[in-house]
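Shown below: query-v8.txt, with compact mmCIF, C-alpha atoms and all ligand atoms.
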```txt
# COMPACT_ATOMS: atom_id res chain seq x y z
CA MET I 186 37.84 154.39 308.03
CA ASP I 187 37.44 151.17 310.00
CA ILE I 188 33.92 150.48 311.26
CA LEU I 189 32.39 148.17 313.86
CA VAL I 190 28.72 147.14 313.75
CA LEU I 191 27.25 145.68 316.95
CA GLY I 192 24.63 142.94 316.62
CA GLY I 193 24.02 139.77 314.66
CA GLY I 194 20.56 139.92 313.06
CA GLY I 195 19.11 140.75 309.68
CA ARG I 196 19.19 144.42 310.62
CA GLU I 197 22.93 144.28 311.23
CA HIS I 198 23.61 142.39 307.99
CA ALA I 199 21.68 145.11 306.14
CA LEU I 200 23.60 147.88 307.96
CA ALA I 201 26.93 146.19 307.19
CA TRP I 202 25.91 145.66 303.54
CA ALA I 203 25.11 149.37 303.05
CA ILE I 204 28.27 150.47 304.88
CA ARG I 205 30.42 148.10 302.80
CA ARG I 206 29.13 149.72 299.59
CA ASN I 207 30.58 153.08 300.64
CA PRO I 208 34.22 153.63 299.60
CA LYS I 209 34.86 155.45 302.90
CA CYS I 210 34.68 152.07 304.62
CA ASP I 211 38.04 150.30 304.88
CA ARG I 212 37.94 147.43 307.34
CA LEU I 213 34.50 146.34 308.58
CA PHE I 214 33.84 144.29 311.72
CA VAL I 215 30.54 142.89 312.99
CA ALA I 216 30.12 141.61 316.55
CA PRO I 217 28.96 138.91 316.77
CA GLY I 218 27.60 138.89 313.19
CA ASN I 219 26.22 135.86 311.31
CA ALA I 220 26.99 133.79 308.21
CA GLY I 221 25.85 136.67 305.99
CA THR I 222 28.05 139.32 307.58
CA ALA I 223 31.02 136.93 307.37
CA ALA I 224 30.91 137.39 303.58
CA LEU I 225 31.50 141.15 303.74
CA ALA I 226 33.10 141.81 307.11
CA ARG I 227 35.12 140.12 309.82
CA ASN I 228 32.91 138.64 312.52
CA VAL I 229 34.19 139.24 316.03
CA ALA I 230 33.26 137.13 319.07
CA LEU I 231 32.43 140.08 321.28
CA ASP I 232 29.43 140.63 323.56
CA PRO I 233 27.80 143.83 322.23
CA GLU I 234 26.47 144.64 325.72
CA ASP I 235 29.89 144.49 327.38
CA ALA I 236 30.89 148.17 327.21
CA GLY I 237 34.42 147.54 328.47
CA ALA I 238 35.09 144.87 325.86
CA VAL I 239 33.60 146.98 323.04
CA VAL I 240 35.72 150.01 323.96
CA ALA I 241 38.85 147.86 324.28
CA PHE I 242 38.29 146.27 320.87
CA ALA I 243 37.51 149.63 319.22
CA ARG I 244 40.68 151.14 320.70
CA ALA I 245 42.87 148.20 319.74
CA GLU I 246 41.65 148.24 316.12
CA GLY I 247 41.51 152.02 315.74
CA ILE I 248 37.79 151.95 314.92
CA GLY I 249 36.50 155.26 313.51
CA LEU I 250 32.77 154.60 313.97
CA VAL I 251 30.75 152.11 316.01
CA VAL I 252 27.21 151.49 314.73
CA VAL I 253 24.95 149.99 317.39
CA GLY I 254 22.18 147.78 315.93
CA PRO I 255 20.01 146.55 318.84
CA GLU I 256 18.61 148.41 321.85
CA ALA I 257 20.16 146.32 324.62
CA PRO I 258 23.73 147.71 324.28
CA LEU I 259 22.31 151.25 324.16
CA VAL I 260 20.29 150.73 327.33
CA ALA I 261 23.40 149.19 328.91
CA GLY I 262 25.37 152.39 328.22
CA VAL I 263 27.67 151.20 325.44
CA ALA I 264 27.29 154.48 323.50
CA ASP I 265 28.17 156.46 326.68
CA ALA I 266 31.30 154.38 327.21
CA LEU I 267 32.42 154.83 323.59
CA GLN I 268 31.78 158.56 323.71
CA ALA I 269 33.72 158.85 326.97
CA ALA I 270 36.61 157.07 325.24
CA GLY I 271 36.48 159.54 322.35
CA ILE I 272 35.22 156.97 319.81
CA ALA I 273 32.48 158.08 317.41
CA VAL I 274 29.26 156.12 317.88
CA PHE I 275 25.95 155.94 316.05
CA GLY I 276 23.34 155.37 318.76
CA PRO I 277 21.98 157.25 321.77
CA SER I 278 23.17 157.46 325.38
CA ALA I 279 21.51 155.27 328.00
CA ALA I 280 19.62 158.33 329.25
CA ALA I 281 18.18 159.00 325.78
CA ALA I 282 17.54 155.28 325.19
CA ARG I 283 14.92 155.49 327.95
CA LEU I 284 12.58 156.55 325.13
CA GLU I 285 12.49 152.83 324.35
CA ALA I 286 13.38 151.34 327.74
CA SER I 287 10.55 152.92 329.75
CA LYS I 288 7.01 153.45 328.53
CA THR I 289 6.09 155.76 331.44
CA PHE I 290 9.18 157.89 330.76
CA THR I 291 8.11 158.22 327.12
CA LYS I 292 4.56 159.13 328.15
CA GLU I 293 5.89 161.85 330.46
CA VAL I 294 8.14 163.26 327.74
CA CYS I 295 5.23 163.22 325.27
CA ALA I 296 3.02 165.02 327.78
CA ALA I 297 5.68 167.71 328.32
CA ALA I 298 6.18 168.00 324.54
CA GLY I 299 2.46 168.05 323.72
CA ALA I 300 2.87 165.00 321.46
CA PRO I 301 -0.39 163.08 320.87
CA THR I 302 -0.46 159.51 322.17
CA ALA I 303 -2.99 157.14 323.78
CA ALA I 304 -4.51 158.12 327.14
CA TRP I 305 -2.74 156.15 329.87
CA ALA I 306 -2.22 155.43 333.55
CA ALA I 307 0.65 153.63 335.30
CA PHE I 308 0.46 151.27 338.28
CA ASP I 309 3.00 149.73 340.65
CA ALA I 310 0.56 147.27 342.24
CA GLU I 311 -2.07 144.82 341.01
CA GLY I 312 -5.07 146.04 343.06
CA PRO I 313 -5.23 149.61 341.72
CA ALA I 314 -4.48 148.39 338.17
CA LEU I 315 -7.41 145.96 338.27
CA ALA I 316 -9.64 148.67 339.75
CA HIS I 317 -8.64 150.98 336.89
CA LEU I 318 -9.70 148.34 334.32
CA ALA I 319 -13.22 148.52 335.77
CA HIS I 320 -13.31 152.13 334.51
CA THR I 321 -11.67 151.63 331.13
CA GLY I 322 -13.53 148.52 329.99
CA ALA I 323 -12.27 146.83 326.80
CA PRO I 324 -10.66 146.85 324.30
CA VAL I 325 -7.70 148.19 326.23
CA VAL I 326 -3.93 147.77 326.05
CA VAL I 327 -1.80 146.48 328.96
CA LYS I 328 1.97 147.01 328.79
CA ALA I 329 4.92 146.11 330.98
CA ASP I 330 6.78 149.39 331.55
CA GLY I 331 10.25 148.10 330.72
CA LEU I 332 11.93 146.15 327.92
CA ALA I 333 10.29 142.73 327.60
CA ALA I 334 11.75 141.50 324.31
CA GLY I 335 8.60 142.54 322.44
CA LYS I 336 6.39 140.35 324.61
CA GLY I 337 5.25 142.89 327.19
CA VAL I 338 2.23 144.26 325.28
CA THR I 339 -1.27 142.76 325.42
CA VAL I 340 -3.95 144.25 323.20
CA ALA I 341 -6.90 142.93 325.23
CA ALA I 342 -10.24 142.48 323.49
CA THR I 343 -12.03 141.73 326.78
CA ALA I 344 -11.77 142.92 330.37
CA ASP I 345 -10.88 139.35 331.47
CA GLU I 346 -7.96 139.24 329.06
CA ALA I 347 -6.76 142.63 330.34
CA ALA I 348 -7.03 141.50 333.98
CA ALA I 349 -5.07 138.32 333.17
CA ALA I 350 -2.31 140.43 331.58
CA VAL I 351 -2.15 142.67 334.66
CA ARG I 352 -1.92 139.64 336.96
CA ALA I 353 0.74 138.00 334.78
CA ALA I 354 2.88 141.15 334.84
CA PHE I 355 2.72 141.50 338.62
CA ALA I 356 3.36 137.74 338.99
CA GLY I 357 6.69 138.32 337.23
CA ALA I 358 5.95 137.10 333.69
CA PHE I 359 8.14 139.91 332.28
CA GLY I 360 10.64 140.04 335.13
CA ALA I 361 11.58 143.49 336.39
CA ALA I 362 10.11 145.03 333.21
CA GLY I 363 6.61 144.20 334.53
CA ALA I 364 7.00 145.63 338.05
CA ARG I 365 5.22 148.68 336.66
CA VAL I 366 2.27 148.34 334.29
CA VAL I 367 0.85 150.90 331.88
CA ILE I 368 -2.82 150.67 330.93
CA GLU I 369 -3.55 152.46 327.68
CA GLU I 370 -6.44 153.50 325.53
CA PHE I 371 -6.83 151.20 322.52
CA MET I 372 -6.15 153.25 319.40
CA THR I 373 -7.69 152.40 316.04
CA GLY I 374 -6.16 153.19 312.66
CA GLU I 375 -3.30 151.97 310.49
CA GLU I 376 0.21 151.54 311.90
CA ALA I 377 3.37 152.72 310.19
CA SER I 378 6.88 153.74 311.21
CA LEU I 379 8.83 156.91 310.57
CA PHE I 380 12.63 156.88 310.90
CA VAL I 381 14.39 160.11 311.82
CA LEU I 382 18.10 160.74 312.38
CA CYS I 383 18.97 163.22 315.09
CA ASP I 384 22.39 164.55 316.14
CA GLY I 385 21.04 166.21 319.28
CA GLU I 386 19.89 169.28 317.35
CA THR I 387 18.92 168.62 313.74
CA ALA I 388 16.28 166.05 312.84
CA LEU I 389 16.43 164.45 309.38
CA PRO I 390 13.72 162.00 308.23
CA ILE I 391 15.19 159.05 306.31
CA GLY I 392 12.17 156.99 305.37
CA THR I 393 8.98 155.23 306.36
CA ALA I 394 8.04 151.56 306.56
CA GLN I 395 5.29 149.18 307.54
CA ASP I 396 5.86 145.72 308.94
CA HIS I 397 3.79 142.58 309.41
CA LYS I 398 3.99 141.43 313.03
CA ARG I 399 1.76 138.35 312.86
CA ALA I 400 3.24 134.96 311.97
CA PHE I 401 0.77 133.88 309.29
CA ASP I 402 -0.94 135.08 306.12
CA GLY I 403 -3.83 137.47 306.51
CA ASP I 404 -2.11 139.03 309.56
CA THR I 405 -3.21 136.07 311.71
CA GLY I 406 -1.39 133.95 314.28
CA PRO I 407 0.90 134.98 317.11
CA ASN I 408 2.91 138.20 317.23
CA THR I 409 6.53 137.93 316.09
CA GLY I 410 9.50 140.25 315.80
CA GLY I 411 8.29 140.96 312.24
CA MET I 412 7.67 138.67 309.25
CA GLY I 413 8.20 141.24 306.53
CA ALA I 414 8.24 144.94 305.77
CA TYR I 415 8.15 147.44 302.95
CA SER I 416 9.19 151.02 302.37
CA PRO I 417 7.83 153.59 301.77
CA ALA I 418 4.55 153.26 303.69
CA PRO I 419 1.78 154.71 301.49
CA VAL I 420 -0.29 155.65 304.57
CA VAL I 421 2.45 158.12 305.57
CA THR I 422 1.59 160.79 303.03
CA ALA I 423 3.59 164.03 302.95
CA GLU I 424 0.88 165.59 305.15
CA VAL I 425 0.98 162.76 307.71
CA GLU I 426 4.80 162.88 307.78
CA ALA I 427 4.75 166.65 308.38
CA LEU I 428 2.20 166.23 311.19
CA ALA I 429 4.29 163.48 312.80
CA LEU I 430 7.52 165.47 312.49
CA GLU I 431 6.15 168.79 313.73
CA GLY I 432 3.69 167.41 316.29
CA ILE I 433 5.58 164.41 317.71
CA VAL I 434 9.22 163.91 316.70
CA ARG I 435 10.62 167.45 316.83
CA PRO I 436 8.86 168.46 320.10
CA VAL I 437 10.05 165.22 321.76
CA LEU I 438 13.63 165.75 320.54
CA ALA I 439 13.50 169.34 321.82
CA GLU I 440 12.21 168.13 325.19
CA MET I 441 15.04 165.57 325.42
CA ALA I 442 17.60 168.31 324.70
CA ARG I 443 15.93 170.62 327.23
CA ARG I 444 16.31 167.89 329.88
CA GLY I 445 20.06 167.72 329.20
CA THR I 446 19.78 164.28 327.55
CA PRO I 447 19.80 165.06 323.81
CA PHE I 448 18.96 162.15 321.51
CA ARG I 449 21.65 161.16 318.99
CA GLY I 450 20.97 158.27 316.65
CA VAL I 451 17.93 157.00 314.81
CA LEU I 452 14.54 157.55 316.38
CA TYR I 453 11.95 155.04 315.18
CA ALA I 454 8.49 156.47 315.73
CA GLY I 455 5.73 153.84 315.67
CA LEU I 456 2.61 155.72 314.62
CA MET I 457 -1.10 154.98 314.58
CA ILE I 458 -2.71 156.94 311.77
CA ASP I 459 -6.44 157.52 311.88
CA ALA I 460 -8.21 159.78 309.39
CA GLY I 461 -4.88 161.35 308.43
CA ARG I 462 -3.85 162.16 312.01
CA PRO I 463 -0.84 160.36 313.53
CA ARG I 464 -0.52 159.51 317.21
CA LEU I 465 2.51 157.88 318.82
CA VAL I 466 2.32 154.17 319.70
CA GLU I 467 5.92 153.85 320.83
CA PHE I 468 9.47 154.97 320.17
CA ASN I 469 12.41 152.72 319.50
CA VAL I 470 15.93 154.11 319.68
CA ARG I 471 17.40 152.01 316.84
CA PHE I 472 16.45 150.72 313.40
CA GLY I 473 13.70 148.10 313.22
CA ASP I 474 14.31 144.54 312.17
CA PRO I 475 13.18 143.86 309.39
CA GLU I 476 12.56 147.58 308.65
CA ALA I 477 16.33 148.21 308.41
CA GLN I 478 16.54 145.70 305.55
CA VAL I 479 14.21 147.78 303.36
CA LEU I 480 15.60 151.15 304.48
CA MET I 481 19.22 150.12 303.87
CA MET I 482 18.35 148.69 300.48
CA ARG I 483 16.80 152.04 299.51
CA LEU I 484 19.52 154.26 301.02
CA GLY I 485 22.50 152.16 299.94
CA ALA I 486 25.99 153.54 300.50
CA GLN I 487 24.77 156.99 301.62
CA ALA I 488 23.55 155.34 304.84
CA LEU I 489 27.16 155.48 306.08
CA ASP I 490 27.52 159.19 305.25
CA LEU I 491 24.27 159.88 307.12
CA MET I 492 25.36 157.87 310.17
CA LEU I 493 28.75 159.65 310.18
CA ALA I 494 27.03 163.05 309.96
CA CYS I 495 24.70 162.00 312.78
CA ALA I 496 27.53 160.81 315.04
CA GLY I 497 29.59 163.92 314.23
CA GLY I 498 26.84 166.49 314.86
CA ARG I 499 26.79 167.51 311.18
CA LEU I 500 23.24 166.60 310.17
CA GLY I 501 22.46 170.28 309.58
CA SER I 502 24.34 170.08 306.29
CA ALA I 503 23.38 166.49 305.39
CA ARG I 504 20.92 165.58 302.64
CA VAL I 505 19.14 162.39 301.72
CA ASP I 506 19.44 161.54 298.06
CA TRP I 507 15.98 160.10 297.49
CA ALA I 508 15.21 157.70 294.68
CA GLU I 509 11.66 157.04 293.53
CA ASP I 510 12.00 153.43 294.60
CA HIS I 511 10.37 150.81 296.77
CA ALA I 512 11.75 147.92 298.79
CA LEU I 513 10.09 144.89 300.31
CA THR I 514 11.48 142.14 302.51
CA VAL I 515 10.12 138.67 303.30
CA VAL I 516 11.36 136.96 306.47
CA LEU I 517 12.10 133.23 306.30
CA ALA I 518 11.63 131.76 309.77
CA ALA I 519 12.05 128.28 311.24
CA ARG I 520 8.82 126.26 311.29
CA GLY I 521 7.26 126.71 314.73
CA TYR I 522 8.54 130.27 315.22
CA PRO I 523 7.68 132.28 317.34
CA GLY I 524 7.14 129.14 319.47
CA PRO I 525 9.60 126.25 319.87
CA HIS I 526 11.33 125.49 316.59
CA GLY I 527 14.12 123.39 315.15
CA ARG I 528 17.62 124.61 314.57
CA GLY I 529 20.71 123.21 312.95
CA ASP I 530 19.29 122.64 309.42
CA ALA I 531 21.66 123.32 306.56
CA ILE I 532 20.29 125.88 304.10
CA GLY I 533 21.01 125.39 300.41
CA GLY I 534 20.78 127.44 297.27
CA LEU I 535 22.07 130.69 298.72
CA ASP I 536 25.25 130.98 296.65
CA ARG I 537 23.29 130.68 293.39
CA LEU I 538 21.12 133.70 294.21
CA PRO I 539 21.67 137.18 292.78
CA ALA I 540 23.06 139.71 295.24
CA ASP I 541 23.08 143.29 293.96
CA SER I 542 21.60 146.71 294.67
CA GLY I 543 18.11 145.39 293.88
CA ARG I 544 18.19 141.88 295.33
CA MET I 545 19.73 140.66 298.53
CA VAL I 546 19.11 137.84 300.99
CA PHE I 547 20.10 139.22 304.39
CA HIS I 548 20.97 136.70 307.08
CA ALA I 549 19.68 136.77 310.65
CA GLY I 550 19.93 133.54 312.68
CA THR I 551 22.63 131.76 310.67
CA VAL I 552 26.15 130.49 311.29
CA LEU I 553 28.74 128.95 309.01
CA ARG I 554 29.52 125.36 309.92
CA ASP I 555 32.05 123.44 307.80
CA GLY I 556 31.47 125.87 304.98
CA ARG I 557 27.68 125.46 305.05
CA VAL I 558 25.07 127.98 306.17
CA VAL I 559 23.15 126.55 309.12
CA ALA I 560 19.93 127.95 310.64
CA THR I 561 20.28 128.79 314.33
CA GLY I 562 17.50 131.24 315.10
CA GLY I 563 13.77 131.83 314.77
CA ARG I 564 14.02 134.47 312.07
CA VAL I 565 16.75 133.21 309.78
CA LEU I 566 16.81 135.10 306.45
CA SER I 567 15.26 138.26 304.95
CA ALA I 568 14.75 138.05 301.19
CA THR I 569 14.77 141.68 300.06
CA GLY I 570 13.94 143.26 296.73
CA ARG I 571 14.01 146.80 295.44
CA GLY I 572 12.26 148.15 292.36
CA ALA I 573 10.65 151.10 290.66
CA THR I 574 7.28 149.95 292.02
CA LEU I 575 6.28 148.04 295.13
CA ASP I 576 5.05 145.24 292.89
CA GLU I 577 8.47 144.91 291.27
CA ALA I 578 10.18 144.93 294.68
CA ARG I 579 7.74 142.26 295.85
CA GLU I 580 8.36 140.04 292.82
CA ARG I 581 12.10 140.24 293.34
CA ALA I 582 11.87 139.48 297.07
CA TYR I 583 9.59 136.49 296.51
CA ALA I 584 11.76 135.13 293.68
CA LEU I 585 14.64 135.07 296.18
CA ALA I 586 12.56 133.54 298.98
CA GLU I 587 11.25 130.76 296.68
CA ALA I 588 14.78 129.90 295.53
CA VAL I 589 16.10 129.25 299.05
CA ASP I 590 16.39 125.52 299.71
CA TRP I 591 15.28 125.12 303.32
CA PRO I 592 12.46 122.65 304.03
CA GLY I 593 12.55 123.56 307.74
CA GLY I 594 11.58 127.16 307.04
CA PHE I 595 8.41 129.07 306.18
CA PHE I 596 7.48 132.55 305.03
CA ARG I 597 4.34 134.60 304.57
CA ARG I 598 2.99 134.86 301.02
CA ASP I 599 1.21 138.18 301.46
CA ILE I 600 3.80 140.73 302.59
CA GLY I 601 2.72 144.14 301.33
CA TRP I 602 -0.95 143.21 300.76
CA ARG I 603 -2.25 146.41 302.27
CA ALA I 604 -0.03 148.70 300.21
CA LEU I 605 -0.70 146.67 297.06
CA GLY I 606 -4.42 147.25 297.49
CA GLY I 607 -5.37 143.69 298.45
CA THR I 608 -7.34 142.36 301.38
CA ALA I 609 -5.97 140.20 304.18
P1 LIG J 701 4.56 148.43 321.37
O1 LIG J 701 5.57 147.42 321.85
O2 LIG J 701 4.23 149.50 322.34
O3 LIG J 701 4.83 148.90 319.97
O4 LIG J 701 3.25 147.57 321.11
C1 LIG J 701 3.24 146.48 320.23
C2 LIG J 701 2.06 146.56 319.32
O5 LIG J 701 0.86 146.59 320.08
C3 LIG J 701 2.01 147.83 318.49
O6 LIG J 701 2.79 147.76 317.34
C4 LIG J 701 0.53 147.91 318.19
O7 LIG J 701 0.19 147.02 317.14
C5 LIG J 701 -0.09 147.42 319.45
N1 LIG J 701 -0.42 148.54 320.34
C6 LIG J 701 0.37 149.07 321.29
N2 LIG J 701 -0.24 150.10 321.91
C7 LIG J 701 -1.44 150.23 321.34
C8 LIG J 701 -2.56 151.10 321.55
N3 LIG J 701 -2.56 152.03 322.52
N4 LIG J 701 -3.65 150.95 320.77
C9 LIG J 701 -3.68 149.97 319.81
N5 LIG J 701 -2.68 149.11 319.58
C10 LIG J 701 -1.57 149.23 320.33
N1 LIG J 702 10.08 145.17 313.64
C1 LIG J 702 9.84 145.80 314.88
C2 LIG J 702 11.04 146.20 315.63
O1 LIG J 702 12.16 146.10 315.20
O2 LIG J 702 10.85 146.67 316.77
```
Whole structure, structure tokens version:
Amino acid sequence: MDILVLGGGGREHALAWAIRRNPKCDRLFVAPGNAGTAALARNVALDPEDAGAVVAFARAEGIGLVVVGPEAPLVAGVADALQAAGIAVFGPSAAAARLEASKTFTKEVCAAAGAPTAAWAAFDAEGPALAHLAHTGAPVVVKADGLAAGKGVTVAATADEAAAAVRAAFAGAFGAAGARVVIEEFMTGEEASLFVLCDGETALPIGTAQDHKRAFDGDTGPNTGGMGAYSPAPVVTAEVEALALEGIVRPVLAEMARRGTPFRGVLYAGLMIDAGRPRLVEFNVRFGDPEAQVLMMRLGAQALDLMLACAGGRLGSARVDWAEDHALTVVLAARGYPGPHGRGDAIGGLDRLPADSGRMVFHAGTVLRDGRVVATGGRVLSATGRGATLDEARERAYALAEAVDWPGGFFRRDIGWRALGGTA
């Protein structure tokens, strides 16, 4: 079968890597891809959000499955267009992708499903939102309703900070995404993510992870897209997973089906776990980045079988072949990220590094220029290790990260500290 992966980050390199390991995969295309995907697939200069172009390419090449990495193509209706054209797709419809694209929609679905989440109120104008803050006090969380590239959430320690976030949103700081603002109860606890495949009917959990969002060691510094991750997440015990599945994920999936917009794809449930009880922070309708790097390393080739079963409505008879393993990934980012940073540096040492089922450097913001790997993005590489213990996975990931020759990059030294029993 010929397969097309949409996207060009570390997540998509990890997806392509797992797919490539499965003998069912014949030709593999990644659009637009990066220098890492070029080593195992053919990169295609195609805009993943252009539904017409994606369908035309898939038709012309006889693609048997399209795997959508990021949320933007899903929200733009690319999965709908592929489905209408009779092409199998892993990823939800635009209507189901609203679970990520609109926070008020998700809150309404959770309320109808009885899924526990933070208390909230939504506002379409600044005056009432500011008046509401007088009641909530601080800490409190202010969110732009729509997709704001991960920048629409302010966890405000003071009422002044919360008011400033409300004013910024209504002044257009997040564009149309901030025309509606959600003010939420601040939840305490430990965050973790649960990943569940759904084919519209059957839900199949495929792993848990925790990421490190802050730029610097000790979970300090500005928020980023994620500086590292590990799987499994020890805080998601079997009891917590069962509570999250039965109390949050399954009722929400049932509510989506009841509304005539069944969810098909991977549902990423961001959870806040306090005293063994999970509440929903947010849903994403795709794999996380860098969470996909650790999940794909653990699942390996079976990831393709699971995605095919999901796209084909056959999850009821699918099984996950679990190994007692751990994976950890360390993101190498350009100095300055998530602020202004350099680009264009050549990165050395990559071809000397081991690349096998336990060690892999996934590429994110890289391109090949005159045969050399050049950094083009903020997050540039994900050094990923797998082992029998988290410690072994961590040692392997850090051995890779240390061996990369890139003076313009940096990485955190403490990925996994919480799970390894350390202190930040
Ligand atoms: P979101 O984009 O909704 O995941 O929010 C980004 C991050 O903000 C989350 O991963 C949490 O760390 C934090 N956050 C969001 N909502 C809340 C909340 N209600 N209480 C505490 N922290 C939150
Ligand atoms: N690492 C967080 C995300 O992919 O949303």
task: Determine the nearest neighbour of ligand LIG 701 (chain J) from the options I:Cys383, I:Ala377, I:Leu535, I:Val565, counting all atoms listed in the file.
output: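 Smallest distance to ligand LIG 701 (chain J) is found for I:Ala377.
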field: Nearby residues (only C-alpha atoms) at most 8 Å from Pro233 of chain I, same-chain spacing under 4 positions excluded, as a PyMOL selection string
entry: chain I and resi 191-192+216-217+239+258
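Nearest residue to Thr291 of chain I among I:Met545, I:Ala257, I:Ala307, I:Leu517 is I:Ala307, counting only C-alpha atoms.
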message: How would you report the residues lying within 7 Å of ligand LIG 702 (chain J), as a PyMOL selection string, if you count all atoms listed in the file?
response: chain I and resi 396+410-411+469+472-476
Test item: residues no farther than 8 Å from ligand LIG 701 (chain J), counting only C-alpha atoms and all ligand atoms, as an mmCIF file with C-alpha atoms, in the frame of the given file:
```cif
data_model
loop_
_atom_site.group_PDB
_atom_site.id
_atom_site.type_symbol
_atom_site.label_atom_id
_atom_site.label_comp_id
_atom_site.auth_asym_id
_atom_site.auth_seq_id
_atom_site.Cartn_x
_atom_site.Cartn_y
_atom_site.Cartn_z
ATOM 1 C CA LYS I 288 7.010 153.450 328.530
ATOM 2 C CA THR I 302 -0.460 159.510 322.170
ATOM 3 C CA ALA I 303 -2.990 157.140 323.780
ATOM 4 C CA ALA I 304 -4.510 158.120 327.140
ATOM 5 C CA VAL I 325 -7.700 148.190 326.230
ATOM 6 C CA VAL I 326 -3.930 147.770 326.050
ATOM 7 C CA LYS I 328 1.970 147.010 328.790
ATOM 8 C CA GLY I 335 8.600 142.540 322.440
ATOM 9 C CA LYS I 336 6.390 140.350 324.610
ATOM 10 C CA GLY I 337 5.250 142.890 327.190
ATOM 11 C CA VAL I 338 2.230 144.260 325.280
ATOM 12 C CA THR I 339 -1.270 142.760 325.420
ATOM 13 C CA VAL I 340 -3.950 144.250 323.200
ATOM 14 C CA GLU I 369 -3.550 152.460 327.680
ATOM 15 C CA GLU I 370 -6.440 153.500 325.530
ATOM 16 C CA PHE I 371 -6.830 151.200 322.520
ATOM 17 C CA MET I 372 -6.150 153.250 319.400
ATOM 18 C CA THR I 373 -7.690 152.400 316.040
ATOM 19 C CA GLU I 376 0.210 151.540 311.900
ATOM 20 C CA LYS I 398 3.990 141.430 313.030
ATOM 21 C CA GLY I 455 5.730 153.840 315.670
ATOM 22 C CA MET I 457 -1.100 154.980 314.580
ATOM 23 C CA VAL I 466 2.320 154.170 319.700
ATOM 24 C CA GLU I 467 5.920 153.850 320.830
ATOM 25 C CA PHE I 468 9.470 154.970 320.170
#
```
field: Selection as a PyMOL selection string: residues within 10 Å of (6.5, 142.7, 297.7), counting only C-alpha atoms
entry: chain I and resi 413-416+511-515+569-572+574-583+598-602+604-605
Take the residues from that selection and put them in a file with C-alpha atoms, as a PDB file, in the frame of the given file.
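After the write, selection.pdb holds the following:
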```pdb
ATOM      1  CA  GLY I 413       8.200 141.240 306.530  1.00  0.00           C
ATOM      2  CA  ALA I 414       8.240 144.940 305.770  1.00  0.00           C
ATOM      3  CA  TYR I 415       8.150 147.440 302.950  1.00  0.00           C
ATOM      4  CA  SER I 416       9.190 151.020 302.370  1.00  0.00           C
ATOM      5  CA  HIS I 511      10.370 150.810 296.770  1.00  0.00           C
ATOM      6  CA  ALA I 512      11.750 147.920 298.790  1.00  0.00           C
ATOM      7  CA  LEU I 513      10.090 144.890 300.310  1.00  0.00           C
ATOM      8  CA  THR I 514      11.480 142.140 302.510  1.00  0.00           C
ATOM      9  CA  VAL I 515      10.120 138.670 303.300  1.00  0.00           C
ATOM     10  CA  THR I 569      14.770 141.680 300.060  1.00  0.00           C
ATOM     11  CA  GLY I 570      13.940 143.260 296.730  1.00  0.00           C
ATOM     12  CA  ARG I 571      14.010 146.800 295.440  1.00  0.00           C
ATOM     13  CA  GLY I 572      12.260 148.150 292.360  1.00  0.00           C
ATOM     14  CA  THR I 574       7.280 149.950 292.020  1.00  0.00           C
ATOM     15  CA  LEU I 575       6.280 148.040 295.130  1.00  0.00           C
ATOM     16  CA  ASP I 576       5.050 145.240 292.890  1.00  0.00           C
ATOM     17  CA  GLU I 577       8.470 144.910 291.270  1.00  0.00           C
ATOM     18  CA  ALA I 578      10.180 144.930 294.680  1.00  0.00           C
ATOM     19  CA  ARG I 579       7.740 142.260 295.850  1.00  0.00           C
ATOM     20  CA  GLU I 580       8.360 140.040 292.820  1.00  0.00           C
ATOM     21  CA  ARG I 581      12.100 140.240 293.340  1.00  0.00           C
ATOM     22  CA  ALA I 582      11.870 139.480 297.070  1.00  0.00           C
ATOM     23  CA  TYR I 583       9.590 136.490 296.510  1.00  0.00           C
ATOM     24  CA  ARG I 598       2.990 134.860 301.020  1.00  0.00           C
ATOM     25  CA  ASP I 599       1.210 138.180 301.460  1.00  0.00           C
ATOM     26  CA  ILE I 600       3.800 140.730 302.590  1.00  0.00           C
ATOM     27  CA  GLY I 601       2.720 144.140 301.330  1.00  0.00           C
ATOM     28  CA  TRP I 602      -0.950 143.210 300.760  1.00  0.00           C
ATOM     29  CA  ALA I 604      -0.030 148.700 300.210  1.00  0.00           C
ATOM     30  CA  LEU I 605      -0.700 146.670 297.060  1.00  0.00           C
TER      31      LEU I 605
END
```
message: Using only C-alpha atoms, can you tell me which of I:Leu318, I:Arg205, I:Ser378, I:Phe359 comes closest to Ala341 of chain I?
response: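 Closest residue, counting only C-alpha atoms: I:Leu318.
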message: Which residues are close to Ala270 of chain I, i.e. within 10 Å by only C-alpha atoms, leaving aside same-chain residues fewer than 3 positions away? Reply as a ChimeraX atom specification.
response: /I:240-241,243-244,264-267,273
Expected file contents, prior selection, C-alpha atoms, as a PDB file, in the frame of the given file:
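The file below, selection-v2.pdb, is the result:
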```pdb
ATOM      1  CA  VAL I 240      35.720 150.010 323.960  1.00  0.00           C
ATOM      2  CA  ALA I 241      38.850 147.860 324.280  1.00  0.00           C
ATOM      3  CA  ALA I 243      37.510 149.630 319.220  1.00  0.00           C
ATOM      4  CA  ARG I 244      40.680 151.140 320.700  1.00  0.00           C
ATOM      5  CA  ALA I 264      27.290 154.480 323.500  1.00  0.00           C
ATOM      6  CA  ASP I 265      28.170 156.460 326.680  1.00  0.00           C
ATOM      7  CA  ALA I 266      31.300 154.380 327.210  1.00  0.00           C
ATOM      8  CA  LEU I 267      32.420 154.830 323.590  1.00  0.00           C
ATOM      9  CA  ALA I 273      32.480 158.080 317.410  1.00  0.00           C
TER      10      ALA I 273
END
```
